[in-house]
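What follows is a set of notes on a single structure, which appears directly below.
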Amino acid sequence: MQKLIFGNWKMNLSADDAVALAKTAGTMPIDASRIKAAVFPSFTALASVRAALQGAPVSLGAQDCFWEKAGAYTGEISPSQLRELGCSHVLVGHSERRQNLNETDDMVNRKIRAALDANLTPVMCIGETDDARRRGLWSNVIAEQTAKGLAGIAVAGTQNVIVAYEPIWAVGTGRACAPQDAREAHALIMNSLIEIFGPAVAQKNFRIIYGGSVDARNIGEYLAMDGIDGALVGGASQRGASFAELVAAAQK
Ligand code: PGA
């Protein structure tokens with residue numbers, strides 16, 4: 001099964017910088033039987049990044065979406081609008097949105113539903129705070145986020161949902177989660193998915209990726225772990241050289 005290497009460019013690039021980075025990404029040697037790459041630029045750069053990636057084996061995703069299809073929702077962007085721009089994936093519930101914009105599990109749930117309805121693959125981000133990890137509550141937090149984020153959602157057929165385990169203390173800090181600890185968290189998430197959807201759907205329609213200070217040096221250790229299907233990478237995906245190194249290391 002291909003490993004997923006997803007680049008979250010956050011709010012860090014101008015449209016021109018995003019196009020330049022996309023052009024570099026488009027020329028990276030990618031063995032499509034081993035990895036699947038996708039980039040998640042800002043909304044404002046989606047159309048130009050799509051054009052820059054024409055013909056390249058790199059998919060396009062957005063960093064967020066709204067849960068309604070259309071209507072009086074000034075400033076929001078619907079999943080079908082993202083499809084129209086060539087997106088196949090959308091991040092939902094990134095910890096930076098949960099923290100800065102008070103995004104709740106209920107909002108995440110509605111966004112996942114809407115994304116699936118529009119034929120997008122949602123990437124549901126979950127993860128505990130530093131405090132929860134220190135108090136030994138990490139497993140409760142991620143089990144609860146998984147259950148609430150996916151409550152009442154039917155996943156079937158060719159629909160896919162990706163869960164990104166991104167402990168908040170590891171995101172953008174350089175303090176990557178020990179690969180063994182990430183593996184333990186992934187196993188727990190898979191158990192929650194099995195409880196909710198049953199083993200067949202959990203194993204066929206879901207993938208679980210790790211995020212938080214992943215780079216070319218540590219990516220191999222994560223990908224070698226059972227139950228880690230790929231990585232969601234912020235900082236190391238935001239410059240051509242480090243992104244190319246990361247993608248090369250992921251295929252070693
Ligand atoms: P980071 O970000 O790789 O810079 O830690 C990961 C993310 O926010 O998805």
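We name chains A, B, ... following the order of the structure tokens; residues begin at 1 in each chain, and ligands are numbered from 1 as shown.
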
Residues up to 9 Å from ligand 1, counting only C-alpha atoms and all ligand atoms: could you list those as a compact mmCIF listing (two decimals) with N, CA, C and O atoms, in the first residue's frame?
# COMPACT_ATOMS: atom_id res chain seq x y z
N PHE A 6 2.02 14.11 2.75
CA PHE A 6 1.19 15.29 2.53
C PHE A 6 1.90 16.54 3.06
O PHE A 6 2.36 16.57 4.20
N GLY A 7 1.97 17.57 2.24
CA GLY A 7 2.62 18.82 2.63
C GLY A 7 1.59 19.88 2.98
O GLY A 7 0.82 20.32 2.12
N ASN A 8 1.59 20.28 4.24
CA ASN A 8 0.68 21.34 4.70
C ASN A 8 1.46 22.66 4.68
O ASN A 8 2.33 22.88 5.51
N TRP A 9 1.11 23.50 3.71
CA TRP A 9 1.88 24.74 3.54
C TRP A 9 1.38 25.86 4.44
O TRP A 9 1.91 26.97 4.44
N LYS A 10 0.33 25.62 5.19
CA LYS A 10 -0.20 26.59 6.16
C LYS A 10 -0.36 27.97 5.50
O LYS A 10 -0.62 28.05 4.30
N HIS A 94 -7.60 20.90 11.85
CA HIS A 94 -6.17 21.03 12.22
C HIS A 94 -6.07 21.68 13.61
O HIS A 94 -6.86 22.56 13.94
N SER A 95 -5.09 21.28 14.38
CA SER A 95 -5.00 21.79 15.76
C SER A 95 -4.86 23.30 15.81
O SER A 95 -5.30 23.94 16.77
N GLU A 96 -4.27 23.90 14.76
CA GLU A 96 -4.15 25.36 14.77
C GLU A 96 -5.53 26.00 14.66
O GLU A 96 -5.77 27.08 15.19
N CYS A 125 -7.72 15.86 11.49
CA CYS A 125 -6.56 15.99 12.37
C CYS A 125 -7.00 15.91 13.83
O CYS A 125 -7.95 16.59 14.24
N ALA A 164 -5.24 12.05 10.73
CA ALA A 164 -3.86 12.48 10.97
C ALA A 164 -3.67 12.63 12.48
O ALA A 164 -4.31 13.48 13.11
N GLU A 166 -1.77 14.13 15.12
CA GLU A 166 -0.83 15.23 15.25
C GLU A 166 -0.84 15.75 16.69
O GLU A 166 -1.59 16.68 17.01
N ILE A 168 -0.34 17.98 19.58
CA ILE A 168 -0.17 19.43 19.47
C ILE A 168 1.24 19.87 19.88
O ILE A 168 1.83 20.76 19.26
N TRP A 169 1.79 19.19 20.87
CA TRP A 169 3.12 19.55 21.37
C TRP A 169 4.23 19.23 20.36
O TRP A 169 5.35 19.68 20.51
N ALA A 170 3.89 18.46 19.34
CA ALA A 170 4.90 18.10 18.34
C ALA A 170 4.78 18.94 17.07
O ALA A 170 5.68 18.91 16.23
N VAL A 171 3.67 19.67 16.94
CA VAL A 171 3.45 20.42 15.69
C VAL A 171 4.25 21.72 15.71
O VAL A 171 4.06 22.57 16.58
N GLY A 172 5.15 21.84 14.75
CA GLY A 172 5.92 23.07 14.59
C GLY A 172 6.91 23.35 15.70
O GLY A 172 7.41 24.46 15.83
N THR A 173 7.22 22.35 16.53
CA THR A 173 8.08 22.58 17.69
C THR A 173 9.46 21.96 17.55
O THR A 173 10.35 22.25 18.35
N GLY A 174 9.65 21.06 16.58
CA GLY A 174 10.91 20.33 16.51
C GLY A 174 10.96 19.17 17.50
O GLY A 174 11.95 18.44 17.56
N ARG A 175 9.89 19.02 18.30
CA ARG A 175 9.83 17.92 19.29
C ARG A 175 8.97 16.79 18.73
O ARG A 175 7.83 16.60 19.16
N ALA A 176 9.50 16.05 17.78
CA ALA A 176 8.70 15.01 17.15
C ALA A 176 8.34 13.92 18.17
O ALA A 176 9.10 13.65 19.10
N TYR A 210 0.87 10.21 10.51
CA TYR A 210 1.42 10.95 11.65
C TYR A 210 1.86 12.35 11.21
O TYR A 210 2.40 12.51 10.10
N GLY A 211 1.68 13.34 12.06
CA GLY A 211 2.19 14.68 11.79
C GLY A 211 2.74 15.32 13.05
O GLY A 211 2.24 15.08 14.16
N GLY A 212 3.76 16.15 12.88
CA GLY A 212 4.38 16.84 14.01
C GLY A 212 5.89 16.74 13.91
O GLY A 212 6.48 15.72 14.27
N SER A 213 6.52 17.80 13.33
CA SER A 213 7.98 17.87 13.22
C SER A 213 8.60 16.70 12.45
O SER A 213 9.67 16.22 12.78
N VAL A 214 7.90 16.28 11.42
CA VAL A 214 8.46 15.26 10.52
C VAL A 214 9.41 15.94 9.54
O VAL A 214 9.11 17.02 9.04
N ASP A 215 10.55 15.31 9.29
CA ASP A 215 11.47 15.83 8.28
C ASP A 215 12.19 14.67 7.60
O ASP A 215 11.89 13.50 7.87
N ALA A 231 2.66 10.57 6.39
CA ALA A 231 2.95 11.73 7.24
C ALA A 231 2.30 12.99 6.69
O ALA A 231 2.21 13.18 5.48
N LEU A 232 1.86 13.83 7.63
CA LEU A 232 1.40 15.17 7.30
C LEU A 232 2.50 16.11 7.77
O LEU A 232 2.81 16.16 8.97
N VAL A 233 3.10 16.82 6.83
CA VAL A 233 4.33 17.55 7.12
C VAL A 233 4.14 19.04 6.88
O VAL A 233 3.71 19.45 5.79
N GLY A 234 4.43 19.84 7.88
CA GLY A 234 4.34 21.29 7.74
C GLY A 234 5.67 21.86 7.28
O GLY A 234 6.01 21.83 6.10
N GLY A 235 6.45 22.34 8.23
CA GLY A 235 7.70 23.06 7.95
C GLY A 235 8.57 22.44 6.86
O GLY A 235 8.98 23.15 5.92
N ALA A 236 8.84 21.15 6.96
CA ALA A 236 9.78 20.53 6.02
C ALA A 236 9.22 20.42 4.60
O ALA A 236 9.95 20.06 3.68
N SER A 237 7.92 20.73 4.42
CA SER A 237 7.36 20.68 3.06
C SER A 237 7.29 22.06 2.42
O SER A 237 6.84 22.20 1.29
N GLN A 238 7.73 23.07 3.15
CA GLN A 238 7.49 24.44 2.69
C GLN A 238 8.65 25.08 1.95
O GLN A 238 8.61 26.24 1.59

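Residues surrounding Glu195 of chain A within 12 Å are Ala143, Thr146, Ala147, Leu150, Ala151, Leu188, Ile189, Met190, Asn191, Pro199, Ala200, Val201, Ala202 and Gln203 of chain A [only C-alpha atoms; sequence separation below 4 positions excluded].
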
Excluding Asp117 of chain A and residues on its chain fewer than 4 positions from it, collect all residues at most 9 Å away from it, counting only C-alpha atoms, and give them as a ChimeraX atom specification.
/A:79-80,112-113

What's around segment 13-19 of chain A at 6 Å? Count only C-alpha atoms, leave out sequence neighbours fewer than 3 positions away in its own chain, and write the answer as an MDAnalysis selection string.
chainID A and resid 22 45 49

Could you dump the residues just selected with C-alpha atoms as an mmCIF file, in the first residue's frame?
data_model
loop_
_atom_site.group_PDB
_atom_site.id
_atom_site.type_symbol
_atom_site.label_atom_id
_atom_site.label_comp_id
_atom_site.auth_asym_id
_atom_site.auth_seq_id
_atom_site.Cartn_x
_atom_site.Cartn_y
_atom_site.Cartn_z
ATOM 1 C CA ALA A 22 4.631 23.334 -6.683
ATOM 2 C CA ALA A 45 -3.053 29.660 -4.400
ATOM 3 C CA VAL A 49 -0.809 25.515 -7.878
#

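A straight line drawn from atom CA of Tyr165 of chain A to atom CA of Val247 of chain A is 19.5 Å long.
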
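Nearest-residue note for Glu76 of chain A: choosing from A:Arg50, A:Phe43, A:His89, A:Ala132, the minimum distance belongs to A:Phe43, counting only C-alpha atoms.
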
Apply DSSP to the backbone of this structure and, from segment 23-204 of chain A, keep only the residues in helix (DSSP H, G or I); write these as number ranges by chain.
A: 23-27, 43-52, 79-84, 95-100, 105-117, 130-134, 138-150, 168-170, 179-197, 199-204

Give me, as a ChimeraX atom specification, the residues of segment 23-135 of chain A that a backbone DSSP run labels strand (DSSP E).
/A:35-40,58-62,89-92,121-126

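Among the candidate residues A:Arg239, A:Ala115, A:Ala187, A:Asp105, the one lying nearest to Glu68 of chain A is A:Ala115, with distances computed using only C-alpha atoms.
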
So that I can check the surroundings of segment 56-62 of chain A, please list as a list in words every protein, DNA and RNA residue that reaches within 6 Å of it, counting only C-alpha atoms and ignoring chain neighbours fewer than 3 positions away.
Gly26, Ala37, Ala38, Val39, Phe40, Leu53, Cys87, Ser88, His89 and Val90 of chain A

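The space separating atom CA of Asn218 of chain A from atom CA of Ala52 of chain A comes to 28.7 Å.
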
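Here atom CA of Gly227 of chain A stands at a distance of 19.2 Å from atom CA of Thr121 of chain A.
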
Any idea what's packed within 12 Å of Ala224 of chain A, counting only C-alpha atoms, ignoring anything in its chain fewer than 3 positions away? Could you give it as a PyMOL selection string?
chain A and resi 3+179-180+182-183+218-221+227-231+249-252

Store the residues picked out above in a file with all heavy atoms, as a compact mmCIF listing (two decimals), in the first residue's frame.
# COMPACT_ATOMS: atom_id res chain seq x y z
N LYS A 3 2.48 4.80 0.77
CA LYS A 3 2.54 5.68 1.94
C LYS A 3 2.14 7.09 1.48
O LYS A 3 2.47 7.51 0.36
CB LYS A 3 3.96 5.73 2.50
CG LYS A 3 4.47 4.38 2.99
CD LYS A 3 3.80 3.97 4.29
CE LYS A 3 4.42 2.69 4.84
NZ LYS A 3 3.77 2.26 6.08
N PRO A 179 8.72 7.58 17.52
CA PRO A 179 8.00 6.70 16.60
C PRO A 179 7.21 5.59 17.31
O PRO A 179 6.09 5.27 16.91
CB PRO A 179 9.10 6.14 15.71
CG PRO A 179 10.15 7.21 15.71
CD PRO A 179 10.11 7.80 17.09
N GLN A 180 7.77 5.04 18.39
CA GLN A 180 7.04 3.99 19.14
C GLN A 180 5.76 4.54 19.75
O GLN A 180 4.73 3.84 19.81
CB GLN A 180 7.91 3.44 20.28
CG GLN A 180 9.04 2.52 19.83
CD GLN A 180 8.51 1.22 19.21
OE1 GLN A 180 7.31 0.93 19.27
NE2 GLN A 180 9.40 0.46 18.59
N ALA A 182 4.08 7.12 18.62
CA ALA A 182 3.15 7.38 17.51
C ALA A 182 2.47 6.07 17.11
O ALA A 182 1.26 6.02 16.89
CB ALA A 182 3.88 8.00 16.33
N ARG A 183 3.26 5.02 17.05
CA ARG A 183 2.71 3.71 16.68
C ARG A 183 1.61 3.27 17.67
O ARG A 183 0.57 2.75 17.27
CB ARG A 183 3.86 2.71 16.69
CG ARG A 183 3.46 1.31 16.45
CD ARG A 183 4.63 0.40 16.78
NE ARG A 183 4.18 -0.96 16.79
CZ ARG A 183 4.90 -1.98 16.35
NH1 ARG A 183 6.12 -1.79 15.90
NH2 ARG A 183 4.42 -3.18 16.39
N ASN A 218 13.74 11.96 10.02
CA ASN A 218 12.97 11.00 10.83
C ASN A 218 11.85 10.30 10.06
O ASN A 218 11.25 9.34 10.57
CB ASN A 218 12.43 11.67 12.10
CG ASN A 218 11.50 12.85 11.81
OD1 ASN A 218 10.94 12.96 10.72
ND2 ASN A 218 11.34 13.74 12.78
N ILE A 219 11.55 10.74 8.82
CA ILE A 219 10.40 10.15 8.12
C ILE A 219 10.50 8.63 8.00
O ILE A 219 9.51 7.92 8.17
CB ILE A 219 10.20 10.81 6.72
CG1 ILE A 219 8.99 10.23 5.98
CG2 ILE A 219 11.41 10.62 5.79
CD1 ILE A 219 7.73 10.88 6.26
N GLY A 220 11.71 8.13 7.73
CA GLY A 220 11.89 6.68 7.55
C GLY A 220 11.47 5.90 8.79
O GLY A 220 10.89 4.81 8.68
N GLU A 221 11.75 6.46 9.97
CA GLU A 221 11.41 5.74 11.20
C GLU A 221 9.89 5.62 11.36
O GLU A 221 9.39 4.60 11.84
CB GLU A 221 11.94 6.50 12.42
CG GLU A 221 13.44 6.61 12.48
CD GLU A 221 13.85 7.43 13.71
OE1 GLU A 221 13.41 7.09 14.82
OE2 GLU A 221 14.58 8.43 13.52
N GLY A 227 1.20 0.31 11.04
CA GLY A 227 0.04 1.15 11.34
C GLY A 227 0.25 2.63 11.08
O GLY A 227 -0.65 3.44 11.30
N ILE A 228 1.44 3.01 10.62
CA ILE A 228 1.66 4.42 10.24
C ILE A 228 1.69 4.47 8.71
O ILE A 228 2.60 3.96 8.07
CB ILE A 228 2.95 5.01 10.85
CG1 ILE A 228 2.85 4.93 12.39
CG2 ILE A 228 3.18 6.44 10.37
CD1 ILE A 228 3.90 5.74 13.15
N ASP A 229 0.63 5.06 8.15
CA ASP A 229 0.43 5.00 6.70
C ASP A 229 1.01 6.19 5.95
O ASP A 229 0.79 6.32 4.75
CB ASP A 229 -1.07 4.91 6.40
CG ASP A 229 -1.70 3.66 6.98
OD1 ASP A 229 -1.06 2.59 6.92
OD2 ASP A 229 -2.83 3.74 7.51
N GLY A 230 1.69 7.08 6.66
CA GLY A 230 2.25 8.23 5.97
C GLY A 230 2.44 9.38 6.94
O GLY A 230 2.39 9.18 8.16
N ALA A 231 2.66 10.57 6.39
CA ALA A 231 2.95 11.73 7.24
C ALA A 231 2.30 12.99 6.69
O ALA A 231 2.21 13.18 5.48
CB ALA A 231 4.45 11.92 7.37
N ALA A 249 13.62 10.65 0.99
CA ALA A 249 13.84 9.79 2.17
C ALA A 249 12.65 8.85 2.37
O ALA A 249 12.82 7.72 2.83
CB ALA A 249 14.05 10.67 3.41
N ALA A 250 11.46 9.30 2.02
CA ALA A 250 10.26 8.46 2.21
C ALA A 250 10.25 7.27 1.27
O ALA A 250 9.52 6.31 1.48
CB ALA A 250 9.00 9.31 1.98
N GLN A 251 11.08 7.34 0.22
CA GLN A 251 11.07 6.25 -0.76
C GLN A 251 12.29 5.34 -0.62
O GLN A 251 12.50 4.46 -1.43
CB GLN A 251 11.05 6.82 -2.19
CG GLN A 251 9.80 7.63 -2.45
CD GLN A 251 9.78 8.27 -3.82
OE1 GLN A 251 9.38 7.66 -4.80
NE2 GLN A 251 10.25 9.49 -3.89
N LYS A 252 13.09 5.59 0.40
CA LYS A 252 14.31 4.77 0.58
C LYS A 252 13.97 3.38 1.05
O LYS A 252 13.04 3.20 1.82
CB LYS A 252 15.22 5.44 1.60
CG LYS A 252 16.13 6.42 0.89
CD LYS A 252 17.34 6.73 1.76
CE LYS A 252 18.19 7.79 1.09
NZ LYS A 252 18.51 8.88 1.99

Trp67 of chain A surroundings by only C-alpha atoms, 7 Å radius, close-in-sequence under 6 positions cut, as an MDAnalysis selection string:
chainID A and resid 78 110:111 114
